[in-house]
$ cat protein_30.cif   # mmCIF, C-alpha atoms
data_query
#
loop_
_atom_site.label_atom_id
_atom_site.label_comp_id
_atom_site.auth_asym_id
_atom_site.auth_seq_id
_atom_site.Cartn_x
_atom_site.Cartn_y
_atom_site.Cartn_z
CA MET A 1 -51.97 37.95 -34.28
CA LEU A 2 -55.06 39.96 -33.28
CA GLY A 3 -56.90 36.78 -32.35
CA TYR A 4 -53.94 35.63 -30.29
CA LEU A 5 -53.89 38.97 -28.44
CA LEU A 6 -57.63 38.76 -27.79
CA ARG A 7 -57.34 35.25 -26.35
CA ARG A 8 -54.49 36.30 -24.08
CA VAL A 9 -56.41 39.31 -22.81
CA LEU A 10 -59.53 37.22 -22.15
CA TRP A 11 -57.45 34.82 -20.06
CA VAL A 12 -56.91 37.69 -17.62
CA VAL A 13 -60.55 37.34 -16.48
CA PRO A 14 -60.37 33.78 -15.01
CA VAL A 15 -56.97 34.58 -13.52
CA VAL A 16 -58.37 37.60 -11.67
CA LEU A 17 -61.43 35.63 -10.53
CA THR A 18 -59.22 32.85 -9.16
CA VAL A 19 -56.99 35.32 -7.33
CA ALA A 20 -60.07 37.04 -5.89
CA ALA A 21 -61.53 33.77 -4.60
CA ILE A 22 -58.25 32.63 -3.01
CA THR A 23 -57.70 36.05 -1.42
CA PHE A 24 -61.25 36.11 -0.07
CA VAL A 25 -60.90 32.67 1.51
CA LEU A 26 -57.51 33.39 3.06
CA MET A 27 -58.40 36.76 4.54
CA HIS A 28 -61.50 35.33 6.20
CA GLN A 29 -59.58 32.32 7.51
CA ALA A 30 -57.27 34.64 9.46
CA PRO A 31 -58.40 35.11 13.07
CA GLY A 32 -59.95 38.38 14.12
CA GLY A 33 -61.89 41.00 12.25
CA PRO A 34 -61.69 44.64 11.21
CA TRP A 35 -63.01 45.92 14.57
CA ASP A 36 -60.98 43.67 16.88
CA ARG A 37 -57.82 45.80 16.93
CA GLN A 38 -59.65 48.86 18.23
CA LYS A 39 -60.91 49.46 21.74
CA PRO A 40 -63.77 47.14 22.72
CA ILE A 41 -66.97 48.47 21.19
CA PRO A 42 -70.56 47.68 22.16
CA ALA A 43 -72.38 44.96 20.26
CA ALA A 44 -74.85 47.49 18.83
CA ALA A 45 -72.02 49.63 17.44
CA ARG A 46 -70.37 46.53 15.96
CA GLU A 47 -73.63 45.58 14.23
CA ARG A 48 -73.98 49.09 12.81
CA LEU A 49 -70.44 48.98 11.46
CA ASN A 50 -71.01 45.55 9.92
CA ALA A 51 -74.19 46.79 8.27
CA GLN A 52 -72.46 49.95 7.03
CA PHE A 53 -69.67 48.04 5.32
CA GLY A 54 -71.73 45.04 4.19
CA LEU A 55 -70.11 42.59 6.61
CA ASP A 56 -73.51 41.41 7.81
CA LYS A 57 -74.13 39.70 4.47
CA PRO A 58 -73.27 36.02 3.76
CA LEU A 59 -69.80 35.30 2.46
CA TRP A 60 -70.75 33.69 -0.86
CA VAL A 61 -74.48 33.49 -1.70
CA ASP A 62 -77.65 34.25 0.24
CA PHE A 63 -80.26 31.59 -0.44
CA ASP A 64 -82.17 32.56 2.71
CA ALA A 65 -82.80 36.04 1.32
CA SER A 66 -84.15 34.62 -1.94
CA ARG A 67 -86.47 32.27 -0.04
CA GLU A 68 -87.72 35.18 2.07
CA ALA A 69 -88.34 37.21 -1.09
CA TRP A 70 -90.24 34.26 -2.58
CA GLY A 71 -92.34 34.09 0.58
CA ARG A 72 -93.14 37.79 0.22
CA GLY A 73 -94.53 37.08 -3.24
CA VAL A 74 -91.57 38.15 -5.34
CA ARG A 75 -91.59 36.14 -8.58
CA ASN A 76 -89.28 38.22 -10.80
CA PRO A 77 -86.25 36.01 -11.65
CA LEU A 78 -83.91 39.01 -11.76
CA ALA A 79 -85.06 40.21 -8.35
CA LEU A 80 -84.65 36.73 -6.87
CA ALA A 81 -81.21 36.40 -8.42
CA GLY A 82 -80.26 39.78 -7.00
CA GLU A 83 -81.32 38.67 -3.52
CA THR A 84 -79.34 35.44 -3.85
CA LEU A 85 -76.18 37.09 -5.17
CA ASP A 86 -76.17 39.83 -2.54
CA SER A 87 -73.10 38.50 -0.71
CA GLN A 88 -69.73 39.84 0.37
CA PHE A 89 -67.65 38.09 -2.28
CA LEU A 90 -69.91 38.87 -5.22
CA ASN A 91 -70.28 42.45 -4.05
CA TYR A 92 -66.49 42.76 -4.05
CA LEU A 93 -66.44 41.48 -7.64
CA SER A 94 -69.23 43.77 -8.82
CA ASN A 95 -67.51 46.75 -7.24
CA ALA A 96 -64.19 45.76 -8.83
CA ALA A 97 -65.85 45.54 -12.25
CA ARG A 98 -66.83 49.20 -11.77
CA LEU A 99 -63.30 50.03 -10.54
CA ASP A 100 -64.83 50.83 -7.17
CA PHE A 101 -63.49 48.69 -4.32
CA GLY A 102 -65.57 50.39 -1.68
CA PRO A 103 -64.47 52.30 1.42
CA SER A 104 -61.48 51.47 3.56
CA TYR A 105 -62.44 50.06 6.94
CA GLN A 106 -59.44 51.69 8.63
CA SER A 107 -60.67 55.15 7.68
CA ARG A 108 -64.23 54.31 8.80
CA GLY A 109 -65.42 55.02 5.27
CA SER A 110 -63.87 58.47 4.93
CA LYS A 111 -61.48 57.22 2.21
CA SER A 112 -62.17 54.86 -0.65
CA VAL A 113 -59.82 52.06 -1.60
CA ARG A 114 -59.61 53.40 -5.14
CA GLY A 115 -58.66 56.83 -3.80
CA ILE A 116 -55.89 55.32 -1.68
CA ILE A 117 -54.56 53.33 -4.65
CA VAL A 118 -54.60 56.44 -6.86
CA GLU A 119 -52.84 58.42 -4.13
CA LYS A 120 -50.20 55.90 -3.08
CA PHE A 121 -49.42 53.86 -6.19
CA PRO A 122 -47.52 56.63 -8.07
CA ALA A 123 -44.77 56.53 -5.44
CA SER A 124 -44.46 52.75 -5.77
CA LEU A 125 -44.54 53.10 -9.55
CA LYS A 126 -41.66 55.59 -9.54
CA VAL A 127 -39.52 53.33 -7.35
CA GLY A 128 -40.38 50.38 -9.59
CA VAL A 129 -39.52 52.25 -12.78
CA VAL A 130 -36.10 53.21 -11.39
CA ALA A 131 -35.57 49.60 -10.28
CA LEU A 132 -36.60 48.22 -13.68
CA VAL A 133 -34.36 50.63 -15.58
CA THR A 134 -31.48 49.72 -13.27
CA ALA A 135 -32.07 46.00 -13.70
CA VAL A 136 -32.31 46.11 -17.50
CA THR A 137 -29.62 48.67 -18.30
CA ILE A 138 -27.05 46.94 -16.08
CA GLY A 139 -28.14 43.32 -16.02
CA LEU A 140 -28.72 42.79 -19.74
CA PRO A 141 -25.38 44.19 -20.99
CA LEU A 142 -23.59 42.44 -18.15
CA GLY A 143 -25.05 39.07 -19.11
CA VAL A 144 -24.41 39.58 -22.83
CA ILE A 145 -20.81 40.66 -22.34
CA SER A 146 -20.13 37.78 -19.93
CA ALA A 147 -21.45 35.28 -22.49
CA LEU A 148 -19.63 36.77 -25.47
CA ARG A 149 -16.38 37.01 -23.46
CA GLN A 150 -16.72 33.64 -21.77
CA ASN A 151 -13.93 32.71 -19.30
CA SER A 152 -12.43 36.18 -19.48
CA TRP A 153 -11.94 38.55 -16.54
CA LEU A 154 -15.14 40.31 -17.60
CA ASP A 155 -17.03 37.04 -17.32
CA TYR A 156 -15.60 36.22 -13.90
CA GLY A 157 -16.26 39.75 -12.65
CA GLY A 158 -19.85 39.57 -13.86
CA LEU A 159 -20.35 36.22 -12.12
CA VAL A 160 -19.09 37.68 -8.84
CA VAL A 161 -21.42 40.68 -9.08
CA THR A 162 -24.48 38.62 -9.98
CA THR A 163 -23.76 36.04 -7.28
CA PHE A 164 -23.73 38.75 -4.63
CA GLY A 165 -26.87 40.29 -6.15
CA LEU A 166 -28.75 37.02 -5.93
CA ALA A 167 -27.40 35.95 -2.53
CA ILE A 168 -28.09 39.19 -0.62
CA PRO A 169 -31.79 40.07 -0.24
CA SER A 170 -32.84 43.61 -1.12
CA PHE A 171 -33.91 44.38 2.45
CA VAL A 172 -30.41 43.49 3.72
CA THR A 173 -28.85 45.67 1.05
CA GLY A 174 -31.22 48.49 1.97
CA VAL A 175 -30.32 48.33 5.65
CA LEU A 176 -26.59 48.21 4.83
CA VAL A 177 -26.94 51.24 2.56
CA VAL A 178 -28.78 53.19 5.24
CA VAL A 179 -26.18 52.29 7.88
CA PHE A 180 -23.27 53.10 5.56
CA LEU A 181 -24.63 56.47 4.46
CA SER A 182 -25.78 57.61 7.88
CA SER A 183 -22.97 56.25 10.11
CA TRP A 184 -19.91 56.43 7.88
CA LEU A 185 -20.66 59.32 5.54
CA GLY A 186 -23.00 61.28 7.77
CA VAL A 187 -25.65 61.47 5.03
CA SER A 188 -29.24 60.61 5.84
CA PRO A 189 -30.90 58.52 3.12
CA LEU A 190 -34.35 59.36 4.52
CA ARG A 191 -36.28 62.14 2.81
CA ARG A 192 -38.72 64.76 3.97
CA PRO A 193 -42.35 64.28 2.85
CA GLU A 194 -42.17 67.11 0.30
CA GLU A 195 -39.16 65.50 -1.41
CA TRP A 196 -41.34 62.60 -2.58
CA ASP A 197 -43.39 64.95 -4.76
CA GLY A 198 -42.61 64.78 -8.47
CA PHE A 199 -39.94 62.42 -9.77
CA GLY A 200 -36.82 63.62 -8.00
CA ARG A 201 -33.64 62.15 -6.61
CA ALA A 202 -35.49 60.75 -3.61
CA TYR A 203 -36.54 57.72 -5.68
CA LEU A 204 -33.05 56.97 -6.99
CA LEU A 205 -31.58 55.17 -3.97
CA PRO A 206 -34.57 52.91 -3.09
CA GLY A 207 -35.08 52.15 -6.78
CA VAL A 208 -31.46 51.09 -7.32
CA VAL A 209 -31.48 48.92 -4.18
CA LEU A 210 -34.75 47.32 -5.26
CA GLY A 211 -33.42 46.59 -8.75
CA LEU A 212 -30.18 44.85 -7.72
CA GLY A 213 -31.73 41.42 -7.29
CA ALA A 214 -33.58 41.63 -10.60
CA MET A 215 -30.40 42.88 -12.28
CA ALA A 216 -28.51 39.80 -11.12
CA ALA A 217 -31.28 37.44 -12.24
CA ILE A 218 -31.47 39.05 -15.69
CA ALA A 219 -27.69 38.93 -16.11
CA ARG A 220 -27.42 35.26 -15.16
CA LEU A 221 -30.31 34.22 -17.39
CA ALA A 222 -29.00 36.28 -20.33
CA ARG A 223 -25.55 34.75 -19.97
CA ALA A 224 -26.86 31.18 -19.81
CA SER A 225 -29.24 31.66 -22.74
CA ILE A 226 -26.68 33.28 -25.02
CA LEU A 227 -24.09 30.64 -24.21
CA GLU A 228 -26.60 28.00 -25.27
CA VAL A 229 -27.43 29.81 -28.51
CA LYS A 230 -23.74 30.32 -29.35
CA GLY A 231 -23.32 26.57 -29.77
CA ARG A 232 -26.28 26.07 -32.12
CA ASP A 233 -25.75 24.81 -35.66
CA TYR A 234 -27.29 27.87 -37.32
CA VAL A 235 -24.73 30.13 -35.59
CA ARG A 236 -21.85 28.04 -36.85
CA THR A 237 -23.44 28.03 -40.32
CA ALA A 238 -23.75 31.82 -40.27
CA ARG A 239 -20.07 32.17 -39.42
CA ALA A 240 -19.11 29.59 -42.07
CA LYS A 241 -20.98 31.63 -44.69
CA GLY A 242 -18.64 34.52 -43.93
CA LEU A 243 -21.08 36.84 -42.16
CA ARG A 244 -19.52 39.54 -40.05
CA GLU A 245 -19.36 38.75 -36.34
CA ALA A 246 -21.45 41.80 -35.44
CA ARG A 247 -24.23 40.60 -37.75
CA VAL A 248 -24.05 37.07 -36.36
CA VAL A 249 -24.30 38.39 -32.81
CA ARG A 250 -27.13 40.80 -33.56
CA TRP A 251 -29.40 38.73 -35.80
CA HIS A 252 -28.66 35.16 -34.76
CA ILE A 253 -27.37 35.11 -31.18
CA LEU A 254 -29.07 38.03 -29.45
CA ARG A 255 -32.42 37.75 -31.18
CA ASN A 256 -32.82 34.12 -30.18
CA GLY A 257 -30.94 34.26 -26.89
CA LEU A 258 -33.01 37.09 -25.43
CA ILE A 259 -36.38 35.30 -25.66
CA PRO A 260 -35.98 33.65 -22.20
CA VAL A 261 -34.96 37.05 -20.80
CA ILE A 262 -38.17 38.58 -22.15
CA THR A 263 -40.06 35.81 -20.34
CA LEU A 264 -38.45 36.88 -17.08
CA LEU A 265 -38.96 40.60 -17.67
CA GLY A 266 -42.75 40.33 -17.52
CA PRO A 267 -43.19 39.14 -13.92
CA VAL A 268 -40.05 41.02 -12.83
CA ALA A 269 -41.43 44.28 -14.19
CA ALA A 270 -44.77 43.72 -12.48
CA GLU A 271 -43.05 42.81 -9.20
CA LEU A 272 -40.80 45.87 -9.27
CA VAL A 273 -43.50 48.31 -10.37
CA THR A 274 -45.90 47.17 -7.67
CA GLY A 275 -43.18 48.06 -5.22
CA SER A 276 -41.33 46.37 -2.44
CA ILE A 277 -42.99 46.54 0.96
CA VAL A 278 -39.70 46.27 2.86
CA ILE A 279 -37.84 48.78 0.70
CA GLU A 280 -40.66 51.28 1.05
CA THR A 281 -40.54 50.85 4.82
CA ILE A 282 -36.73 51.17 5.05
CA PHE A 283 -36.53 54.35 2.99
CA GLY A 284 -39.87 55.81 4.10
CA VAL A 285 -41.42 55.74 0.63
CA PRO A 286 -45.11 56.75 0.83
CA GLY A 287 -46.15 53.91 -1.47
CA LEU A 288 -48.93 51.38 -1.75
CA GLY A 289 -46.95 48.51 -0.24
CA ARG A 290 -47.08 49.99 3.25
CA GLU A 291 -50.84 50.45 2.92
CA PHE A 292 -51.19 46.79 1.95
CA VAL A 293 -49.29 45.63 5.04
CA SER A 294 -51.30 47.83 7.38
CA ALA A 295 -54.52 46.58 5.76
CA ILE A 296 -53.56 42.96 6.50
CA ALA A 297 -52.77 43.80 10.11
CA ALA A 298 -56.07 45.68 10.52
CA ARG A 299 -58.16 43.08 8.63
CA ASP A 300 -59.25 45.81 6.23
CA TYR A 301 -60.95 43.39 3.83
CA SER A 302 -61.83 45.93 1.14
CA MET A 303 -58.27 47.28 1.05
CA ILE A 304 -56.79 43.78 0.93
CA MET A 305 -59.08 42.73 -1.90
CA GLY A 306 -58.62 45.96 -3.84
CA THR A 307 -54.82 46.02 -3.72
CA THR A 308 -54.55 42.27 -4.42
CA LEU A 309 -56.76 42.51 -7.51
CA PHE A 310 -54.88 45.59 -8.64
CA TYR A 311 -51.56 43.74 -8.36
CA ALA A 312 -53.03 40.66 -10.08
CA VAL A 313 -54.19 42.70 -13.07
CA LEU A 314 -50.76 44.31 -13.39
CA VAL A 315 -49.01 40.92 -13.36
CA ALA A 316 -51.48 39.46 -15.88
CA LEU A 317 -51.09 42.41 -18.25
CA ALA A 318 -47.31 42.19 -17.94
CA ASN A 319 -47.49 38.56 -19.06
CA VAL A 320 -49.67 39.58 -22.02
CA ALA A 321 -47.03 42.16 -22.97
CA VAL A 322 -44.39 39.42 -22.79
CA ASP A 323 -46.38 37.26 -25.19
CA LEU A 324 -46.55 40.15 -27.65
CA CYS A 325 -42.81 40.65 -27.41
CA TYR A 326 -42.38 37.00 -28.37
CA GLY A 327 -43.98 37.79 -31.71
CA LEU A 328 -41.59 40.67 -32.29
CA LEU A 329 -38.50 38.57 -31.55
CA ASP A 330 -39.56 35.28 -33.14
CA PRO A 331 -41.44 35.45 -36.49
CA ARG A 332 -42.52 31.82 -36.06
CA ILE A 333 -44.85 32.88 -33.26
CA ARG A 334 -46.47 35.52 -35.49
CA LEU A 335 -47.03 32.92 -38.22
CA ARG A 336 -48.37 30.35 -35.78
CA HIS A 337 -50.96 32.71 -34.31
#

$ encode --input "protein_30.cif" --output "structure tokens"
Amino acid sequence: MLGYLLRRVLWVVPVVLTVAAITFVLMHQAPGGPWDRQKPIPAAARERLNAQFGLDKPLWVDFDASREAWGRGVRNPLALAGETLDSQFLNYLSNAARLDFGPSYQSRGSKSVRGIIVEKFPASLKVGVVALVTAVTIGLPLGVISALRQNSWLDYGGLVVTTFGLAIPSFVTGVLVVVFLSSWLGVSPLRRPEEWDGFGRAYLLPGVVLGLGAMAAIARLARASILEVKGRDYVRTARAKGLREARVVRWHILRNGLIPVITLLGPVAAELVTGSIVIETIFGVPGLGREFVSAIAARDYSMIMGTTLFYAVLVALANVAVDLCYGLLDPRIRLRH
């Protein structure tokens, strides 16, 4: 099992490298640059800014610099390699390996990307935790009860709830909640800046709204999976042997029927914890999602790369956690690996 865990963790490295390369290509394919949204600046000032933030370097590798170093008499292979690899993309990767994504272009270097992530991500994390708890504590029992009470009023009621949860996007639900609370009840769902400190009630409403879609997906998948397991031969054999229904449900139906749900929980947890950009905007959450959107609009390359790699690592680690949960639910996986 330890070897299996090590292999899964090592697979995170090529995944992150692939995400970094795709992100780098896409953000440089977009028209404009980090200084184009400001007032027109002189060419000399633009060159100084590019030199300050390393935007004057080649995108991938710099063979011209290595040839110039060779012409100057440099023969050290490490020095020549350093000249060749001194490029924007590889500098992003080297900084990321040190957990230092460089300065934010929007702040003109006064704030680092890592500092912004450390400052803003806790708010997104709190909203995501509330959303995940909502999705699991409501969606999982709802799906299990619907499957065990198939074709009952509980099953039909659960199908109605999950259908609405899947059909209505979270941003529509968020807007409807804001309109309902403010116009009909006279209660403002927006919070003052100091109310976002700590882990208070301010995170409850955006977290619940964010978790509704995931709740519906978990409930539908749990219902479908358990219905499939209920018809398996080993379940009928367990009942024929005279086992109590509670034991059959716990050890034969739920343990096998929840494996697909665990598969879904990994990416869902990562998606919810990294926050919803629209939900943060609707409810005024001072989270990382809003910073990511503003970085794209401002062509803040270091912020885009830093937040994207941060999200990619979270998703990859969530998938590793899912693989470990497989081993806890299915002993065959532990024996195989």

$ resolve_selection --input "protein_30.cif" --expression "the PyMOL selection byres ((chain A and resi 269) around 10)" --output "JSON, numbers by chain"
{"A": [128, 129, 131, 132, 133, 135, 136, 211, 214, 264, 265, 266, 267, 268, 270, 271, 272, 273, 274, 275, 314, 315, 318, 319]}

$ resolve_selection --input "protein_30.cif" --expression "the PyMOL selection byres ((chain A and resi 166-172) around 8)" --output "number ranges by chain"
A: 162-165, 173-176, 209-210, 212-213, 216-217, 278-279, 282

$ residues_around --input "protein_30.cif" --residues "A:Val249" --least-positions-apart "5" --cutoff "9 Å" --atoms "all atoms listed in the file" --output "PDB file with C-alpha atoms, keeping the file's coordinate frame"
ATOM      1  CA  LEU A 148     -19.630  36.770 -25.470  1.00  0.00           C
ATOM      2  CA  LYS A 230     -23.740  30.320 -29.350  1.00  0.00           C
ATOM      3  CA  VAL A 235     -24.730  30.130 -35.590  1.00  0.00           C
ATOM      4  CA  ARG A 244     -19.520  39.540 -40.050  1.00  0.00           C
ATOM      5  CA  LEU A 254     -29.070  38.030 -29.450  1.00  0.00           C
ATOM      6  CA  ARG A 255     -32.420  37.750 -31.180  1.00  0.00           C
TER       7      ARG A 255
END

$ residues_around --input "protein_30.cif" --residues "A:Gly102" --least-positions-apart "4" --cutoff "9 Å" --atoms "only C-alpha atoms" --output "compact mmCIF listing (two decimals) with C-alpha atoms, in the coordinates of the input"
# COMPACT_ATOMS: atom_id res chain seq x y z
CA PHE A 53 -69.67 48.04 5.32
CA TYR A 92 -66.49 42.76 -4.05
CA ASN A 95 -67.51 46.75 -7.24
CA ALA A 96 -64.19 45.76 -8.83
CA GLY A 109 -65.42 55.02 5.27
CA LYS A 111 -61.48 57.22 2.21
CA SER A 112 -62.17 54.86 -0.65
CA VAL A 113 -59.82 52.06 -1.60
CA ARG A 114 -59.61 53.40 -5.14
CA SER A 302 -61.83 45.93 1.14
CA MET A 303 -58.27 47.28 1.05
CA GLY A 306 -58.62 45.96 -3.84

$ resolve_selection --input "protein_30.cif" --expression "the PyMOL selection byres ((chain A and resi 19-24) around 9)" --output "ChimeraX atom specification"
/A:14-18,25-29,59,89,92-93,301,304-305,308-309,312

$ atom_distance --input "protein_30.cif" --atom1 "atom CA of A:Arg98" --atom2 "atom CA of A:Ala123"
24.1 Å

$ closest_residue --input "protein_30.cif" --among "A:Thr281, A:Gln150, A:Ser182, A:Ser294" --to "A:Leu227" --atoms "only C-alpha atoms"
A:Gln150

$ atom_distance --input "protein_30.cif" --atom1 "atom CA of A:Asp300" --atom2 "atom CA of A:Gln88"
13.4 Å

$ atom_distance --input "protein_30.cif" --atom1 "atom CA of A:Phe121" --atom2 "atom CA of A:Gly287"
5.7 Å

$ closest_residue --input "protein_30.cif" --among "A:Ile138, A:Tyr105, A:Asp100, A:Arg8" --to "A:Asn50" --atoms "all atoms listed in the file"
A:Tyr105

$ closest_residue --input "protein_30.cif" --among "A:Ile226, A:Ile41, A:Val144, A:Pro31" --to "A:Ala297" --atoms "all atoms listed in the file"
A:Pro31

$ residues_near_point --input "protein_30.cif" --point "(-61.6, 45.9, 14.1)" --cutoff "12 Å" --atoms "all atoms listed in the file" --output "number ranges by chain"
A: 31-41, 45-46, 49-50, 55, 104-108, 295-301

$ residues_near_point --input "protein_30.cif" --point "(-28.4, 53.5, -1.7)" --cutoff "9 Å" --atoms "all atoms listed in the file" --output "list in words"
Thr173, Gly174, Leu176, Val177, Val178, Phe180, Leu181, Pro189, Leu204, Leu205, Pro206, Gly207, Val208 and Val209 of chain A

$ build_atoms --input "protein_30.cif" --residues "stretch 147-159 of chain A" --atoms "N, CA and C atoms" --output "mmCIF file, keeping the file's coordinate frame"
data_model
loop_
_atom_site.group_PDB
_atom_site.id
_atom_site.type_symbol
_atom_site.label_atom_id
_atom_site.label_comp_id
_atom_site.auth_asym_id
_atom_site.auth_seq_id
_atom_site.Cartn_x
_atom_site.Cartn_y
_atom_site.Cartn_z
ATOM 1 N N ALA A 147 -21.313 36.430 -21.596
ATOM 2 C CA ALA A 147 -21.450 35.280 -22.490
ATOM 3 C C ALA A 147 -20.540 35.400 -23.708
ATOM 4 N N LEU A 148 -20.462 36.598 -24.281
ATOM 5 C CA LEU A 148 -19.630 36.770 -25.470
ATOM 6 C C LEU A 148 -18.140 36.738 -25.146
ATOM 7 N N ARG A 149 -17.793 37.053 -23.909
ATOM 8 C CA ARG A 149 -16.380 37.010 -23.460
ATOM 9 C C ARG A 149 -16.227 35.914 -22.405
ATOM 10 N N GLN A 150 -16.714 34.747 -22.735
ATOM 11 C CA GLN A 150 -16.720 33.640 -21.770
ATOM 12 C C GLN A 150 -15.308 33.323 -21.300
ATOM 13 N N ASN A 151 -15.195 33.074 -19.969
ATOM 14 C CA ASN A 151 -13.930 32.710 -19.300
ATOM 15 C C ASN A 151 -12.897 33.825 -19.325
ATOM 16 N N SER A 152 -13.320 35.038 -19.585
ATOM 17 C CA SER A 152 -12.430 36.180 -19.480
ATOM 18 C C SER A 152 -12.605 36.836 -18.116
ATOM 19 N N TRP A 153 -11.802 37.864 -17.825
ATOM 20 C CA TRP A 153 -11.940 38.550 -16.540
ATOM 21 C C TRP A 153 -13.277 39.277 -16.457
ATOM 22 N N LEU A 154 -13.828 39.695 -17.602
ATOM 23 C CA LEU A 154 -15.140 40.310 -17.600
ATOM 24 C C LEU A 154 -16.217 39.304 -17.179
ATOM 25 N N ASP A 155 -16.073 38.085 -17.679
ATOM 26 C CA ASP A 155 -17.030 37.040 -17.320
ATOM 27 C C ASP A 155 -16.955 36.714 -15.843
ATOM 28 N N TYR A 156 -15.743 36.548 -15.315
ATOM 29 C CA TYR A 156 -15.600 36.220 -13.900
ATOM 30 C C TYR A 156 -16.070 37.374 -13.015
ATOM 31 N N GLY A 157 -15.779 38.604 -13.418
ATOM 32 C CA GLY A 157 -16.260 39.750 -12.650
ATOM 33 C C GLY A 157 -17.772 39.836 -12.633
ATOM 34 N N GLY A 158 -18.393 39.560 -13.796
ATOM 35 C CA GLY A 158 -19.850 39.570 -13.860
ATOM 36 C C GLY A 158 -20.466 38.487 -12.995
ATOM 37 N N LEU A 159 -19.841 37.308 -12.952
ATOM 38 C CA LEU A 159 -20.350 36.220 -12.120
ATOM 39 C C LEU A 159 -20.276 36.591 -10.631
#
